[in-house]
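Structure file model-v7.txt (compact mmCIF, C-alpha atoms) follows.
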```txt
# COMPACT_ATOMS: atom_id res chain seq x y z
CA MET A 15 54.33 -23.42 26.84
CA HIS A 16 56.95 -23.05 29.56
CA PHE A 17 57.53 -20.76 32.50
CA LEU A 18 60.36 -18.39 33.30
CA SER A 19 63.77 -19.65 34.14
CA GLN A 20 65.28 -18.02 37.21
CA ASN A 21 67.33 -15.47 35.25
CA ASP A 22 65.32 -14.95 32.08
CA LEU A 23 62.37 -12.94 30.90
CA ASN A 24 59.03 -14.59 30.49
CA ILE A 25 58.25 -13.24 27.05
CA ASN A 26 59.63 -16.12 24.99
CA LEU A 27 56.28 -17.87 24.97
CA ILE A 28 54.39 -14.80 23.69
CA PRO A 29 55.24 -15.21 19.97
CA CYS A 30 53.98 -18.80 20.17
CA LEU A 31 50.61 -17.61 21.47
CA CYS A 32 50.38 -14.96 18.76
CA LEU A 33 51.32 -17.40 15.99
CA HIS A 34 48.75 -19.91 17.23
CA CYS A 35 45.97 -17.31 17.19
CA HIS A 36 47.17 -16.12 13.76
CA SER A 37 46.87 -19.66 12.37
CA VAL A 38 43.35 -20.07 13.77
CA ILE A 39 42.10 -16.84 12.21
CA ALA A 40 43.95 -17.42 8.94
CA ALA A 41 42.42 -20.89 8.70
CA ALA A 42 38.94 -19.42 9.13
CA PHE A 43 39.56 -16.96 6.29
CA THR A 44 40.98 -19.69 4.06
CA ILE A 45 37.91 -21.83 4.55
CA HIS A 46 35.69 -18.86 3.79
CA GLY A 47 37.57 -18.15 0.57
CA HIS A 48 36.57 -14.99 -1.29
CA MET A 49 34.17 -12.57 0.29
CA LYS A 50 30.94 -11.99 -1.58
CA ILE A 51 29.84 -8.42 -2.14
CA PHE A 52 26.35 -7.91 -3.52
CA ASN A 53 25.51 -4.73 -5.36
CA SER A 54 21.86 -5.74 -5.79
CA PRO A 55 19.64 -8.70 -4.91
CA SER A 56 20.20 -10.22 -8.33
CA ASN A 57 23.82 -9.35 -9.04
CA SER A 58 26.89 -10.52 -7.17
CA SER A 59 30.57 -10.38 -7.83
CA THR A 60 33.60 -11.84 -6.14
CA PHE A 61 35.32 -9.21 -4.07
CA THR A 62 38.53 -9.60 -2.09
CA GLY A 63 39.20 -6.33 -0.29
CA PHE A 64 38.17 -3.06 1.29
CA ILE A 65 39.32 0.52 0.72
CA LEU A 66 40.73 2.28 3.80
CA LEU A 67 40.31 6.01 3.31
CA GLY A 68 42.72 6.87 6.13
CA PHE A 69 43.39 10.62 6.20
CA PRO A 70 42.30 12.04 2.81
CA CYS A 71 44.48 14.93 1.64
CA PRO A 72 46.56 15.95 -1.42
CA ARG A 73 49.54 13.86 -2.50
CA GLU A 74 52.02 16.21 -0.81
CA GLY A 75 50.13 15.87 2.47
CA GLN A 76 50.16 12.08 2.17
CA ILE A 77 53.95 12.13 1.78
CA LEU A 78 54.35 14.40 4.82
CA LEU A 79 52.12 12.10 6.88
CA PHE A 80 54.16 9.13 5.69
CA MET A 81 57.40 10.76 6.86
CA LEU A 82 55.87 11.83 10.19
CA PHE A 83 54.45 8.43 11.09
CA THR A 84 57.58 6.65 9.91
CA VAL A 85 59.59 8.64 12.46
CA VAL A 86 56.97 8.02 15.16
CA TYR A 87 56.94 4.29 14.41
CA LEU A 88 60.74 3.97 14.51
CA LEU A 89 60.96 5.95 17.77
CA THR A 90 58.24 3.73 19.29
CA LEU A 91 60.11 0.57 18.33
CA MET A 92 63.38 2.01 19.64
CA GLY A 93 61.92 3.19 22.96
CA ASN A 94 59.95 0.08 23.83
CA GLY A 95 62.64 -2.25 22.49
CA SER A 96 65.20 -0.50 24.71
CA ILE A 97 63.09 -1.19 27.80
CA VAL A 98 62.72 -4.88 26.88
CA CYS A 99 66.48 -5.22 26.34
CA ALA A 100 67.39 -3.24 29.46
CA VAL A 101 65.22 -5.45 31.68
CA HIS A 102 66.53 -8.58 30.00
CA TRP A 103 70.21 -7.72 30.48
CA ASP A 104 70.15 -5.95 33.86
CA GLN A 105 69.90 -8.51 36.67
CA ARG A 106 68.77 -5.81 39.12
CA LEU A 107 65.57 -5.37 37.12
CA HIS A 108 64.56 -9.05 37.28
CA THR A 109 61.71 -8.23 39.65
CA PRO A 110 57.93 -8.60 39.05
CA MET A 111 57.42 -4.88 38.44
CA TYR A 112 60.03 -4.70 35.68
CA LEU A 113 59.13 -8.07 34.18
CA LEU A 114 55.58 -6.78 33.79
CA LEU A 115 56.94 -3.56 32.30
CA ALA A 116 59.09 -5.50 29.81
CA ASN A 117 56.08 -7.54 28.70
CA PHE A 118 54.02 -4.36 28.44
CA SER A 119 56.68 -2.73 26.24
CA PHE A 120 56.86 -5.87 24.09
CA LEU A 121 53.08 -5.65 23.72
CA GLU A 122 53.30 -1.99 22.69
CA ILE A 123 55.69 -2.89 19.87
CA TRP A 124 53.17 -5.30 18.37
CA TYR A 125 50.20 -3.04 19.13
CA VAL A 126 51.60 -0.20 17.04
CA THR A 127 52.81 -2.67 14.40
CA SER A 128 49.25 -3.95 13.90
CA THR A 129 48.24 -0.62 12.34
CA VAL A 130 51.11 1.70 11.40
CA PRO A 131 52.88 -0.35 8.65
CA ASN A 132 49.64 -0.73 6.71
CA MET A 133 48.84 2.95 7.31
CA LEU A 134 52.27 3.91 5.92
CA ALA A 135 51.68 1.77 2.84
CA ASN A 136 48.29 3.44 2.30
CA PHE A 137 49.86 6.91 2.38
CA LEU A 138 51.87 5.99 -0.73
CA SER A 139 49.15 3.91 -2.37
CA ASP A 140 46.73 5.13 -5.02
CA THR A 141 44.17 2.37 -4.43
CA LYS A 142 44.42 2.09 -0.59
CA ILE A 143 43.03 -1.45 -0.79
CA ILE A 144 43.44 -3.93 2.05
CA SER A 145 42.62 -7.58 1.38
CA PHE A 146 39.71 -9.33 3.05
CA SER A 147 42.02 -11.58 5.10
CA GLY A 148 44.37 -8.68 5.86
CA CYS A 149 41.49 -6.53 7.08
CA PHE A 150 40.16 -9.10 9.52
CA LEU A 151 43.60 -10.13 10.71
CA GLN A 152 44.33 -6.50 11.45
CA PHE A 153 40.94 -6.17 13.17
CA TYR A 154 41.62 -9.26 15.30
CA PHE A 155 45.17 -8.39 16.31
CA PHE A 156 44.46 -4.72 16.96
CA PHE A 157 41.56 -5.39 19.32
CA SER A 158 43.19 -8.45 20.91
CA LEU A 159 46.36 -6.50 21.65
CA GLY A 160 44.25 -3.62 22.97
CA SER A 161 42.42 -6.00 25.31
CA THR A 162 45.74 -7.49 26.39
CA GLU A 163 46.98 -3.98 27.20
CA CYS A 164 43.97 -3.45 29.47
CA PHE A 165 44.74 -6.71 31.30
CA PHE A 166 48.41 -5.74 31.72
CA LEU A 167 47.53 -2.31 33.09
CA ALA A 168 45.24 -3.97 35.64
CA VAL A 169 47.91 -6.49 36.68
CA MET A 170 50.50 -3.71 37.02
CA ALA A 171 48.07 -1.78 39.23
CA PHE A 172 47.60 -4.91 41.36
CA ASP A 173 51.37 -5.22 41.65
CA ARG A 174 51.67 -1.61 42.88
CA TYR A 175 48.82 -2.19 45.33
CA LEU A 176 50.65 -5.16 46.86
CA ALA A 177 53.98 -3.29 46.97
CA ILE A 178 52.51 -0.27 48.80
CA CYS A 179 49.62 -1.69 50.83
CA ARG A 180 51.20 -5.09 51.66
CA PRO A 181 54.95 -4.33 51.63
CA LEU A 182 55.94 -7.03 54.13
CA ARG A 183 54.00 -9.77 52.37
CA TYR A 184 54.80 -8.55 48.84
CA PRO A 185 57.82 -10.87 48.25
CA THR A 186 55.84 -13.93 49.33
CA ILE A 187 52.69 -13.02 47.37
CA MET A 188 54.11 -11.63 44.13
CA THR A 189 56.48 -14.51 43.45
CA ARG A 190 58.11 -15.15 40.09
CA ARG A 191 55.70 -18.01 39.53
CA LEU A 192 52.64 -15.84 40.16
CA CYS A 193 54.11 -13.10 37.96
CA THR A 194 54.56 -15.60 35.14
CA ASN A 195 51.02 -16.91 35.52
CA LEU A 196 49.63 -13.38 35.43
CA VAL A 197 51.61 -12.58 32.28
CA VAL A 198 50.40 -15.74 30.53
CA ASN A 199 46.79 -15.05 31.55
CA CYS A 200 46.99 -11.50 30.20
CA TRP A 201 48.10 -12.71 26.78
CA VAL A 202 45.68 -15.65 26.63
CA LEU A 203 42.61 -13.71 27.79
CA GLY A 204 43.43 -10.81 25.50
CA PHE A 205 43.72 -13.02 22.44
CA ILE A 206 40.64 -15.19 23.02
CA TRP A 207 38.35 -12.23 23.81
CA PHE A 208 37.58 -11.41 20.16
CA LEU A 209 38.25 -14.83 18.65
CA ILE A 210 34.66 -16.04 18.21
CA PRO A 211 33.13 -12.68 17.13
CA ILE A 212 35.81 -12.09 14.51
CA VAL A 213 35.32 -15.56 13.01
CA ILE A 214 31.55 -14.97 12.89
CA ILE A 215 31.74 -11.59 11.18
CA SER A 216 34.35 -12.84 8.72
CA GLN A 217 31.80 -15.32 7.37
CA MET A 218 29.23 -12.62 6.60
CA SER A 219 28.47 -11.17 3.14
CA PHE A 220 29.01 -7.49 2.42
CA CYS A 221 26.93 -5.25 0.14
CA GLY A 222 27.38 -2.00 -1.74
CA SER A 223 30.30 0.24 -0.95
CA ARG A 224 33.59 -1.30 0.11
CA ILE A 225 34.89 1.98 1.56
CA ILE A 226 35.89 2.14 5.23
CA ASP A 227 36.32 5.72 6.40
CA HIS A 228 39.11 4.92 8.85
CA PHE A 229 42.84 4.14 8.84
CA LEU A 230 42.21 0.60 10.16
CA CYS A 231 39.55 -2.10 9.93
CA ASP A 232 37.15 -0.99 12.64
CA PRO A 233 34.02 -3.03 13.53
CA ALA A 234 31.55 -0.14 13.29
CA PRO A 235 32.05 0.63 9.55
CA LEU A 236 32.46 -3.07 8.78
CA LEU A 237 29.08 -3.93 10.27
CA THR A 238 27.40 -1.17 8.27
CA LEU A 239 28.63 -2.86 5.06
CA THR A 240 27.00 -6.24 5.76
CA CYS A 241 24.15 -7.29 3.48
CA LYS A 242 21.97 -8.64 6.26
CA LYS A 243 21.92 -6.60 9.42
CA GLY A 244 22.70 -8.79 12.40
CA PRO A 245 21.44 -7.18 15.62
CA VAL A 246 22.84 -10.08 17.63
CA ILE A 247 26.33 -9.62 16.17
CA GLU A 248 26.15 -5.85 16.70
CA LEU A 249 25.04 -6.43 20.29
CA VAL A 250 27.92 -8.86 20.87
CA PHE A 251 30.45 -6.32 19.58
CA SER A 252 28.90 -3.44 21.49
CA ILE A 253 29.24 -5.49 24.68
CA LEU A 254 32.58 -7.21 24.09
CA SER A 255 34.49 -4.13 22.91
CA PRO A 256 34.03 -1.89 25.97
CA LEU A 257 33.56 -4.67 28.55
CA PRO A 258 37.23 -5.37 29.36
CA VAL A 259 37.97 -1.64 29.17
CA PHE A 260 35.41 -0.62 31.79
CA MET A 261 35.70 -3.68 34.04
CA LEU A 262 39.47 -3.42 34.27
CA PHE A 263 39.29 0.35 34.59
CA LEU A 264 37.11 -0.07 37.69
CA PHE A 265 39.63 -2.59 39.04
CA ILE A 266 42.48 -0.12 38.49
CA VAL A 267 40.54 2.73 40.11
CA GLY A 268 39.79 0.50 43.11
CA SER A 269 43.43 -0.54 43.42
CA TYR A 270 44.67 3.05 43.36
CA ALA A 271 41.98 4.17 45.80
CA LEU A 272 43.42 1.68 48.29
CA VAL A 273 46.95 2.83 47.42
CA VAL A 274 46.05 6.49 48.03
CA ARG A 275 44.40 5.62 51.33
CA ALA A 276 47.50 3.70 52.45
CA VAL A 277 49.89 6.47 51.35
CA LEU A 278 47.93 9.18 53.15
CA ARG A 279 48.42 7.22 56.37
CA VAL A 280 52.20 7.51 56.06
CA PRO A 281 53.25 10.07 58.70
CA SER A 282 56.18 11.71 56.90
CA ALA A 283 55.96 13.77 53.71
CA ALA A 284 59.14 12.11 52.39
CA GLY A 285 57.58 8.68 52.88
CA ARG A 286 54.45 9.73 51.02
CA ARG A 287 56.50 11.10 48.10
CA LYS A 288 58.52 7.90 47.91
CA ALA A 289 55.37 5.77 47.93
CA PHE A 290 53.72 7.84 45.21
CA SER A 291 56.89 7.79 43.09
CA THR A 292 56.73 3.99 42.81
CA CYS A 293 53.38 4.15 41.03
CA GLY A 294 53.53 7.58 39.38
CA SER A 295 54.75 6.29 36.01
CA HIS A 296 52.11 3.60 35.80
CA LEU A 297 49.38 6.04 36.82
CA ALA A 298 50.46 8.42 34.04
CA VAL A 299 50.37 5.62 31.45
CA VAL A 300 46.95 4.47 32.66
CA SER A 301 45.64 8.03 32.42
CA LEU A 302 46.93 8.48 28.86
CA PHE A 303 45.39 5.23 27.64
CA TYR A 304 42.07 5.32 29.46
CA VAL A 305 41.26 8.99 28.92
CA SER A 306 41.39 8.49 25.15
CA VAL A 307 39.53 5.15 25.29
CA LEU A 308 36.81 6.55 27.55
CA VAL A 309 36.40 9.49 25.18
CA MET A 310 35.89 6.95 22.40
CA TYR A 311 33.31 4.80 24.17
CA GLY A 312 31.83 7.20 26.71
CA SER A 313 31.15 10.41 24.79
CA PRO A 314 27.79 10.98 23.03
CA PRO A 315 27.64 10.81 19.22
CA SER A 316 28.60 13.99 17.37
CA LYS A 317 28.24 15.30 13.83
CA ASN A 318 31.90 14.63 13.06
CA GLU A 319 31.86 11.17 14.66
CA THR A 320 34.19 9.57 12.07
CA GLY A 321 36.82 12.28 12.38
CA LYS A 322 36.72 12.10 16.18
CA GLN A 323 37.10 8.31 16.12
CA LYS A 324 40.15 8.58 13.87
CA ILE A 325 41.88 11.11 16.10
CA VAL A 326 41.11 9.30 19.35
CA THR A 327 42.09 5.91 17.91
CA LEU A 328 45.30 7.44 16.57
CA PHE A 329 46.12 8.81 20.02
CA TYR A 330 45.74 5.61 22.05
CA SER A 331 47.10 3.28 19.35
CA VAL A 332 50.08 5.32 18.07
CA VAL A 333 50.86 8.30 20.33
CA THR A 334 50.51 6.49 23.67
CA PRO A 335 52.97 3.68 22.79
CA LEU A 336 55.43 6.41 21.77
CA LEU A 337 55.11 8.28 25.08
CA ASN A 338 55.13 5.28 27.45
CA PRO A 339 58.91 4.61 27.30
CA VAL A 340 59.57 8.32 27.89
CA ILE A 341 57.32 8.32 30.96
CA TYR A 342 58.93 5.23 32.48
CA SER A 343 62.48 6.36 31.77
CA LEU A 344 62.00 9.89 33.10
CA ARG A 345 60.23 8.96 36.33
CA ASN A 346 62.11 5.79 37.27
CA LYS A 347 65.74 6.05 38.43
CA ASP A 348 66.48 2.32 38.11
CA MET A 349 65.11 2.21 34.58
CA LYS A 350 67.02 5.36 33.67
CA LYS A 351 70.29 3.79 34.90
CA ALA A 352 69.57 0.55 33.04
CA LEU A 353 68.82 2.41 29.80
CA LYS A 354 72.01 4.46 30.10
CA LYS A 355 73.95 1.24 30.63
CA PHE A 356 72.21 -0.36 27.65
CA TRP A 357 73.04 2.55 25.36
CA GLY A 358 76.56 2.86 26.77
CA THR A 359 76.16 6.47 27.93
```
What's the structure tokens form of this structure?
Amino acid sequence: MHFLSQNDLNINLIPCLCLHCHSVIAAAFTIHGHMKIFNSPSNSSTFTGFILLGFPCPREGQILLFMLFTVVYLLTLMGNGSIVCAVHWDQRLHTPMYLLLANFSFLEIWYVTSTVPNMLANFLSDTKIISFSGCFLQFYFFFSLGSTECFFLAVMAFDRYLAICRPLRYPTIMTRRLCTNLVVNCWVLGFIWFLIPIVIISQMSFCGSRIIDHFLCDPAPLLTLTCKKGPVIELVFSILSPLPVFMLFLFIVGSYALVVRAVLRVPSAAGRRKAFSTCGSHLAVVSLFYVSVLVMYGSPPSKNETGKQKIVTLFYSVVTPLLNPVIYSLRNKDMKKALKKFWGT
């Protein structure tokens, strides 16, 4: 692992972290071998996959959904990839705020890639089967990348707090070295958060139906398929899943409360608008992500709980990564100029 050079982005080390975590999880699945599914106490058969129902509809509807999400996926890759490239090639954007944004956009590419390609394959599949290893790898990467996104949003809020509330000390506090350390910590903490629970649940036996009524491998339906109910495991997941979301959300709210207090003390209206404009894009992105996540974890159970979970998960895992580049490019003049330069317009 190495830190940023003076004129380069600090995302070169990220694939190494991801590959290392991938090898750890894959090794655990290899040791476990085939999953055992028991249809009765006396009968057992070797079983190597689950069925992801996704969005059940006629064949024509599946094809339309495939075309729609293919376009969404390509636009997401294009938008977030453009931000990464623009920050990389424009020397004026080699500042902590844009380095964090580039890492965040790089994260969004992999976040949407953890679910959409498999979802697209399922739209055209008759069996809709995902392998045991594939299911848990998707589970691990989806939730690890989601946790990493929460850490990045908190760090970006901290960066805006320093820029607005401590403007004179900002260059000495938010140095390139500190920025690099924060980026590394976001990736490491995000990817170790679910490491132990996912290895534990992957070693469990599953009974009866292999159907998961979702478009991805979600812990709730997986735990209902286990032969022996594990209240400890369920408690661990119920705590670990929302913990980084709510803790970091409180940190972000606290940071922006201090930002608002500092901005309201600015005497001129033009100064207040300029101060708010520096954090408006990030605040919009935070709102999009956390509103959907808080609906998922904070709302009471309903009759159509599965359908609601699908829609909400789809919003924060697919729609939000699509909208984020639009938000940053529309509300940020420097980023807009860099993107125009990148695309040669």
Separation of CA of Met92 in chain A and CA of Thr129 in chain A, in Å?
17.0 Å
Selection as a ChimeraX atom specification: residues within 10 Å of (38.3, 5.3, 26.3), counting only C-alpha atoms
/A:256,259-260,263,301-313,326-327,330
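The space separating CA of Thr292 in chain A from CA of Leu272 in chain A comes to 14.6 Å.
Distance-wise, CA of Arg224 in chain A and CA of Leu239 in chain A end up 7.2 Å apart.
Counting only C-alpha atoms, the residue from A:Leu337, A:Leu107, A:Leu167, A:Leu353 that sits nearest to Val86 in chain A is A:Leu337.
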Could the centre and edge lengths of an axis-aligned box, enclosing all atoms of range 130-139 of chain A in the file with 4 Å extra on each side, be given in Å to one decimal as lines of an AutoDock Vina configuration file?
```
center_x = 50.6
center_y = 3.1
center_z = 4.5
size_x = 12.6
size_y = 15.6
size_z = 21.8
```
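Distances to Pro211 in chain A were evaluated for A:Val197, A:Ala283, A:Leu82, A:Leu254 using all atoms listed in the file, and the minimum falls at A:Leu254.
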From the options A:Ile178, A:Leu203, A:Ile65, A:Leu151, which residue's atoms come nearest to Ile215 in chain A, counting only C-alpha atoms?
A:Leu151
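Close contacts of range 133-143 of chain A, defined as residues with an atom at most 7 Å away when counting all atoms listed in the file, with chain neighbours fewer than 4 positions off set aside, comprise Gly63, Phe64, Ile65, Leu66, Leu67, Gln76, Ile77, Phe80, Thr129 and Phe229 of chain A.
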Same residues, C-alpha atoms, output as a CSV table (one decimal), keeping the file's coordinate frame:
```csv
chain,number,residue,atom,x,y,z
A,63,GLY,CA,39.2,-6.3,-0.3
A,64,PHE,CA,38.2,-3.1,1.3
A,65,ILE,CA,39.3,0.5,0.7
A,66,LEU,CA,40.7,2.3,3.8
A,67,LEU,CA,40.3,6.0,3.3
A,76,GLN,CA,50.2,12.1,2.2
A,77,ILE,CA,54.0,12.1,1.8
A,80,PHE,CA,54.2,9.1,5.7
A,129,THR,CA,48.2,-0.6,12.3
A,229,PHE,CA,42.8,4.1,8.8
```
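With all atoms listed in the file as the atoms that count, the minimum distance from Val273 in chain A to the choices A:Cys179, A:Cys231, A:Val202, A:Lys322 is reached by A:Cys179.
With distances taken over all atoms listed in the file, A:Leu297 is the one residue among A:Ile206, A:Cys193, A:Leu297, A:Val126 lying closest to Ala271 in chain A.
Among A:Val340, A:Val169, A:Leu209, A:Leu236, the residue with the shortest atom-to-atom distance to Phe146 in chain A, counting all atoms listed in the file, is A:Leu236.
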Kindly extract all protein, DNA and RNA residues lying within 9 Å of the coordinates (41.6, -5.7, 39.0) given in the file, considering only C-alpha atoms, and supply them as a PDB file with C-alpha atoms, in the frame of the given file.
```pdb
ATOM      1  CA  PHE A 165      44.740  -6.710  31.300  1.00  0.00           C
ATOM      2  CA  ALA A 168      45.240  -3.970  35.640  1.00  0.00           C
ATOM      3  CA  VAL A 169      47.910  -6.490  36.680  1.00  0.00           C
ATOM      4  CA  ALA A 171      48.070  -1.780  39.230  1.00  0.00           C
ATOM      5  CA  PHE A 172      47.600  -4.910  41.360  1.00  0.00           C
ATOM      6  CA  MET A 261      35.700  -3.680  34.040  1.00  0.00           C
ATOM      7  CA  LEU A 262      39.470  -3.420  34.270  1.00  0.00           C
ATOM      8  CA  PHE A 263      39.290   0.350  34.590  1.00  0.00           C
ATOM      9  CA  LEU A 264      37.110  -0.070  37.690  1.00  0.00           C
ATOM     10  CA  PHE A 265      39.630  -2.590  39.040  1.00  0.00           C
ATOM     11  CA  ILE A 266      42.480  -0.120  38.490  1.00  0.00           C
ATOM     12  CA  VAL A 267      40.540   2.730  40.110  1.00  0.00           C
ATOM     13  CA  GLY A 268      39.790   0.500  43.110  1.00  0.00           C
ATOM     14  CA  SER A 269      43.430  -0.540  43.420  1.00  0.00           C
TER      15      SER A 269
END
```
Using all atoms listed in the file, which protein or nucleic acid residues come within 8 Å of Asn346 in chain A? Drop anything in the same chain fewer than 3 positions from it, and give the result as a count of residues only.
6
As a list of chain:residue names, please: the residues near range 112-125 of chain A (cut-off 8 Å, only C-alpha atoms, same-chain neighbours under 4 positions excluded).
A:Leu23, A:Asn24, A:Ile25, A:Thr90, A:Leu91, A:Asn94, A:Gly95, A:Ile97, A:Val98, A:Val101, A:Leu107, A:His108, A:Thr129, A:Phe155, A:Phe156, A:Leu159, A:Gly160, A:Glu163, A:Phe166, A:Met170, A:Cys193, A:Val197, A:Ser331, A:Pro335, A:Pro339
